[in-house]
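J.: This is the structure I have questions about; it appears just below.
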Amino acid sequence: QVQLVESGGGLVQPGGSLRLSCAASGSLFGINALGWYRQAPGKEREWVATITPGGSTNYADSVKGRFTISRDNAKNTVYLQMNSLKPEDTAVYYCRAQKSLAAYWGKGTLVTVSS
């Protein structure tokens, strides 16, 4: 089992920045990708970014150039640095770990972008 706990969400003005964290614990051996997803009110959950054990990253077009995913293996933590935030980035952000055929999710952290 893998446990994921997100933190760092909150209210921010358009153009502002936030850094989300996702702390992983449990049986971490074999995790082959960590990622961030988000779900806006009334919409389906969508993929935001992924980072592999080797550090390769991929981003959704909607966040490319504004968001950066990174990981600290010593702390078993993955981060999402979000800059130039827009109102349409408002969502609950979820951390996801892929291990073999299983996917593990955190409970999410709410990001609200509003003036």
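Residues in the structure tokens are numbered from 1 in each chain, the chains being A, B, ... in the order shown, and ligands are numbered from 1 in the order shown.
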Excluding Gly26 (chain A) and its own-chain neighbours fewer than 2 positions away, which residues fall within 10 Å of it when counting only C-alpha atoms? Please give them as JSON, numbers by chain.
T.: {"A": [1, 2, 3, 4, 24, 28, 29]}
J.: Restrict the selected residues to N, CA and C atoms and save them as an mmCIF file, in the first residue's frame.
T.:
data_model
loop_
_atom_site.group_PDB
_atom_site.id
_atom_site.type_symbol
_atom_site.label_atom_id
_atom_site.label_comp_id
_atom_site.auth_asym_id
_atom_site.auth_seq_id
_atom_site.Cartn_x
_atom_site.Cartn_y
_atom_site.Cartn_z
ATOM 1 N N GLN A 1 0.830 -1.193 0.000
ATOM 2 C CA GLN A 1 0.000 0.000 0.000
ATOM 3 C C GLN A 1 0.870 1.250 0.000
ATOM 4 N N VAL A 2 0.366 2.264 -0.650
ATOM 5 C CA VAL A 2 1.040 3.561 -0.703
ATOM 6 C C VAL A 2 0.069 4.618 -0.194
ATOM 7 N N GLN A 3 0.538 5.450 0.711
ATOM 8 C CA GLN A 3 -0.272 6.549 1.204
ATOM 9 C C GLN A 3 0.300 7.860 0.671
ATOM 10 N N LEU A 4 -0.601 8.727 0.224
ATOM 11 C CA LEU A 4 -0.206 10.019 -0.330
ATOM 12 C C LEU A 4 -0.973 11.126 0.381
ATOM 13 N N ALA A 24 4.753 10.884 0.261
ATOM 14 C CA ALA A 24 4.425 9.476 0.067
ATOM 15 C C ALA A 24 4.983 8.644 1.208
ATOM 16 N N LEU A 28 6.968 1.946 -0.903
ATOM 17 C CA LEU A 28 7.307 2.830 -2.015
ATOM 18 C C LEU A 28 8.147 2.154 -3.086
ATOM 19 N N PHE A 29 8.695 0.972 -2.787
ATOM 20 C CA PHE A 29 9.530 0.295 -3.772
ATOM 21 C C PHE A 29 8.686 -0.086 -4.976
#
J.: Just the residues within 10 Å of Tyr94 (chain A), please, counting only C-alpha atoms, with nothing from its chain fewer than 3 positions along; format it as a ChimeraX atom specification.
T.: /A:4-7,20,22,35-39,45-48,91,105-110
J.: Please produce an output containing C-alpha atoms for each residue in the selection, written as a CSV table (one decimal), in the first residue's frame.
T.:
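Writing the result to selection_20.csv gives the following:
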chain,number,residue,atom,x,y,z
A,4,LEU,CA,-0.2,10.0,-0.3
A,5,VAL,CA,-0.9,13.3,1.5
A,6,GLU,CA,-1.1,16.6,-0.4
A,7,SER,CA,-0.6,20.0,1.1
A,20,LEU,CA,1.9,21.9,-3.7
A,22,CYS,CA,2.7,15.3,-1.9
A,35,GLY,CA,1.8,12.7,-11.0
A,36,TRP,CA,-0.6,15.5,-10.3
A,37,TYR,CA,-4.2,15.6,-11.5
A,38,ARG,CA,-6.9,18.2,-10.9
A,39,GLN,CA,-10.7,18.3,-10.8
A,45,ARG,CA,-10.5,14.9,-13.3
A,46,GLU,CA,-7.7,15.7,-15.7
A,47,TRP,CA,-4.0,15.0,-15.8
A,48,VAL,CA,-1.7,17.9,-15.1
A,91,ALA,CA,-9.5,22.9,-8.7
A,105,TRP,CA,-4.4,8.6,-4.9
A,106,GLY,CA,-4.3,11.2,-2.2
A,107,LYS,CA,-7.3,13.0,-0.9
A,108,GLY,CA,-6.5,16.3,-2.6
A,109,THR,CA,-5.8,19.9,-1.8
A,110,LEU,CA,-8.0,22.8,-3.0
J.: Taking 2 positions as the minimum chain separation for residues in the same chain, which residues sit within 9 Å of Leu34 (chain A) when counting only C-alpha atoms? Answer as a JSON list (two decimals) with N, CA, C and O atoms, in the first residue's frame.
T.:
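Contents of the output file around22.json:
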[["chain", "number", "residue", "atom", "x", "y", "z"],
["A", 31, "ILE", "N", 7.49, 2.07, -7.28],
["A", 31, "ILE", "CA", 6.70, 3.16, -7.86],
["A", 31, "ILE", "C", 7.40, 3.63, -9.12],
["A", 31, "ILE", "O", 8.56, 4.00, -9.09],
["A", 32, "ASN", "N", 6.69, 3.65, -10.23],
["A", 32, "ASN", "CA", 7.35, 4.00, -11.48],
["A", 32, "ASN", "C", 6.93, 5.34, -12.04],
["A", 32, "ASN", "O", 7.46, 5.78, -13.04],
["A", 36, "TRP", "N", 0.46, 14.60, -10.88],
["A", 36, "TRP", "CA", -0.58, 15.49, -10.35],
["A", 36, "TRP", "C", -1.75, 15.52, -11.32],
["A", 36, "TRP", "O", -1.56, 15.58, -12.54],
["A", 49, "ALA", "N", 0.49, 16.75, -14.71],
["A", 49, "ALA", "CA", 1.92, 16.56, -14.92],
["A", 49, "ALA", "C", 2.35, 15.22, -14.34],
["A", 49, "ALA", "O", 1.71, 14.70, -13.42],
["A", 50, "THR", "N", 3.45, 14.69, -14.87],
["A", 50, "THR", "CA", 4.02, 13.42, -14.41],
["A", 50, "THR", "C", 5.52, 13.53, -14.34],
["A", 50, "THR", "O", 6.14, 14.23, -15.16],
["A", 51, "ILE", "N", 6.11, 12.82, -13.36],
["A", 51, "ILE", "CA", 7.56, 12.72, -13.28],
["A", 51, "ILE", "C", 7.93, 11.26, -13.06],
["A", 51, "ILE", "O", 7.28, 10.56, -12.26],
["A", 52, "THR", "N", 8.93, 10.79, -13.78],
["A", 52, "THR", "CA", 9.36, 9.39, -13.68],
["A", 52, "THR", "C", 10.49, 9.27, -12.63],
["A", 52, "THR", "O", 11.06, 10.29, -12.22],
["A", 53, "PRO", "N", 10.84, 8.04, -12.26],
["A", 53, "PRO", "CA", 11.95, 7.88, -11.31],
["A", 53, "PRO", "C", 13.25, 8.49, -11.81],
["A", 53, "PRO", "O", 14.06, 8.94, -11.01],
["A", 71, "ARG", "N", 10.74, 16.21, -7.73],
["A", 71, "ARG", "CA", 10.65, 15.23, -6.65],
["A", 71, "ARG", "C", 11.91, 15.25, -5.82],
["A", 71, "ARG", "O", 13.00, 15.55, -6.32],
["A", 78, "VAL", "N", 6.86, 14.69, -3.77],
["A", 78, "VAL", "CA", 6.79, 15.28, -5.11],
["A", 78, "VAL", "C", 6.13, 16.65, -4.97],
["A", 78, "VAL", "O", 5.24, 16.84, -4.13],
["A", 95, "CYS", "N", -2.60, 14.04, -5.95],
["A", 95, "CYS", "CA", -1.35, 13.35, -6.23],
["A", 95, "CYS", "C", -1.67, 11.90, -6.56],
["A", 95, "CYS", "O", -2.59, 11.30, -5.96],
["A", 96, "ARG", "N", -0.94, 11.33, -7.51],
["A", 96, "ARG", "CA", -1.16, 9.94, -7.93],
["A", 96, "ARG", "C", 0.18, 9.22, -8.06],
["A", 96, "ARG", "O", 1.13, 9.76, -8.61],
["A", 97, "ALA", "N", 0.21, 7.99, -7.56],
["A", 97, "ALA", "CA", 1.39, 7.14, -7.69],
["A", 97, "ALA", "C", 1.01, 5.89, -8.47],
["A", 97, "ALA", "O", -0.01, 5.26, -8.18],
["A", 98, "GLN", "N", 1.84, 5.56, -9.44],
["A", 98, "GLN", "CA", 1.62, 4.35, -10.24],
["A", 98, "GLN", "C", 2.63, 3.31, -9.81],
["A", 98, "GLN", "O", 3.84, 3.55, -9.86]]
J.: List every residue of region 1-107 of chain A that DSSP, applied to the backbone of this structure, assigns to strand (DSSP E or B), and report them as a VMD selection string.
T.: chain A and resid 2 to 7 10 to 12 18 to 26 31 to 39 46 to 51 57 to 59 67 to 72 77 to 82 91 to 99 102 to 105
J.: For a test of reading the model, state the distance in Å between CA of Val113 (chain A) and CA of Leu11 (chain A), rounded to one decimal.
T.: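 A separation of 5.9 Å between them.
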J.: Can you pull out the residues contacting Pro41 (chain A)? Cut-off 12 Å, using only C-alpha atoms, and skip same-chain residues under 6 positions away; I want them as an MDAnalysis selection string.
T.: chainID A and resid 88:93 110:112
J.: Okay, now the selection with C-alpha atoms, as a PDB file, in the first residue's frame?
T.:
ATOM      1  CA  GLU A  88      -9.283  28.364 -14.654  1.00  0.00           C
ATOM      2  CA  ASP A  89      -6.603  26.629 -12.571  1.00  0.00           C
ATOM      3  CA  THR A  90      -9.081  26.536  -9.681  1.00  0.00           C
ATOM      4  CA  ALA A  91      -9.544  22.884  -8.746  1.00  0.00           C
ATOM      5  CA  VAL A  92      -8.843  20.182  -6.225  1.00  0.00           C
ATOM      6  CA  TYR A  93      -5.351  18.915  -6.983  1.00  0.00           C
ATOM      7  CA  LEU A 110      -7.982  22.785  -2.965  1.00  0.00           C
ATOM      8  CA  VAL A 111      -6.494  25.596  -5.034  1.00  0.00           C
ATOM      9  CA  THR A 112      -8.644  28.653  -5.599  1.00  0.00           C
TER      10      THR A 112
END
J.: Which residues come within 6 Å of region 80-82 of chain A, counting only C-alpha atoms, excluding same-chain residues fewer than 2 positions away, as an MDAnalysis selection string?
T.: chainID A and resid 17:20 67:69
J.: Generate the output file for the selected residues, N, CA and C atoms, as an mmCIF file, in the first residue's frame.
T.:
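Resulting contents of part_26.cif:
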data_model
loop_
_atom_site.group_PDB
_atom_site.id
_atom_site.type_symbol
_atom_site.label_atom_id
_atom_site.label_comp_id
_atom_site.auth_asym_id
_atom_site.auth_seq_id
_atom_site.Cartn_x
_atom_site.Cartn_y
_atom_site.Cartn_z
ATOM 1 N N SER A 17 1.452 32.615 -7.287
ATOM 2 C CA SER A 17 2.119 31.310 -7.289
ATOM 3 C C SER A 17 1.751 30.514 -6.043
ATOM 4 N N LEU A 18 1.813 29.201 -6.187
ATOM 5 C CA LEU A 18 1.667 28.275 -5.076
ATOM 6 C C LEU A 18 2.562 27.075 -5.339
ATOM 7 N N ARG A 19 2.996 26.433 -4.255
ATOM 8 C CA ARG A 19 3.720 25.174 -4.397
ATOM 9 C C ARG A 19 2.987 24.099 -3.619
ATOM 10 N N LEU A 20 2.583 23.077 -4.334
ATOM 11 C CA LEU A 20 1.934 21.930 -3.717
ATOM 12 C C LEU A 20 2.969 20.858 -3.393
ATOM 13 N N PHE A 67 3.736 25.547 -14.859
ATOM 14 C CA PHE A 67 3.858 24.611 -13.748
ATOM 15 C C PHE A 67 5.138 23.794 -13.898
ATOM 16 N N THR A 68 5.722 23.425 -12.758
ATOM 17 C CA THR A 68 6.911 22.578 -12.759
ATOM 18 C C THR A 68 6.743 21.473 -11.716
ATOM 19 N N ILE A 69 6.897 20.231 -12.149
ATOM 20 C CA ILE A 69 6.841 19.100 -11.235
ATOM 21 C C ILE A 69 8.261 18.672 -10.899
#
J.: For each of A:Ser21, A:Asn58, A:Ala102, A:Ser84, take the minimum atom-to-atom distance to Asp72 (chain A), counting only C-alpha atoms, then give the residue where this is smallest.
T.: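 Nearest to Asp72 (chain A): A:Ser21.
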J.: What separation in Å, quoted to one decimal, exists between CA of Ala40 (chain A) and CA of Lys86 (chain A)?
T.: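 Computing the Euclidean distance for CA of Ala40 (chain A) and CA of Lys86 (chain A) yields 12.7 Å.
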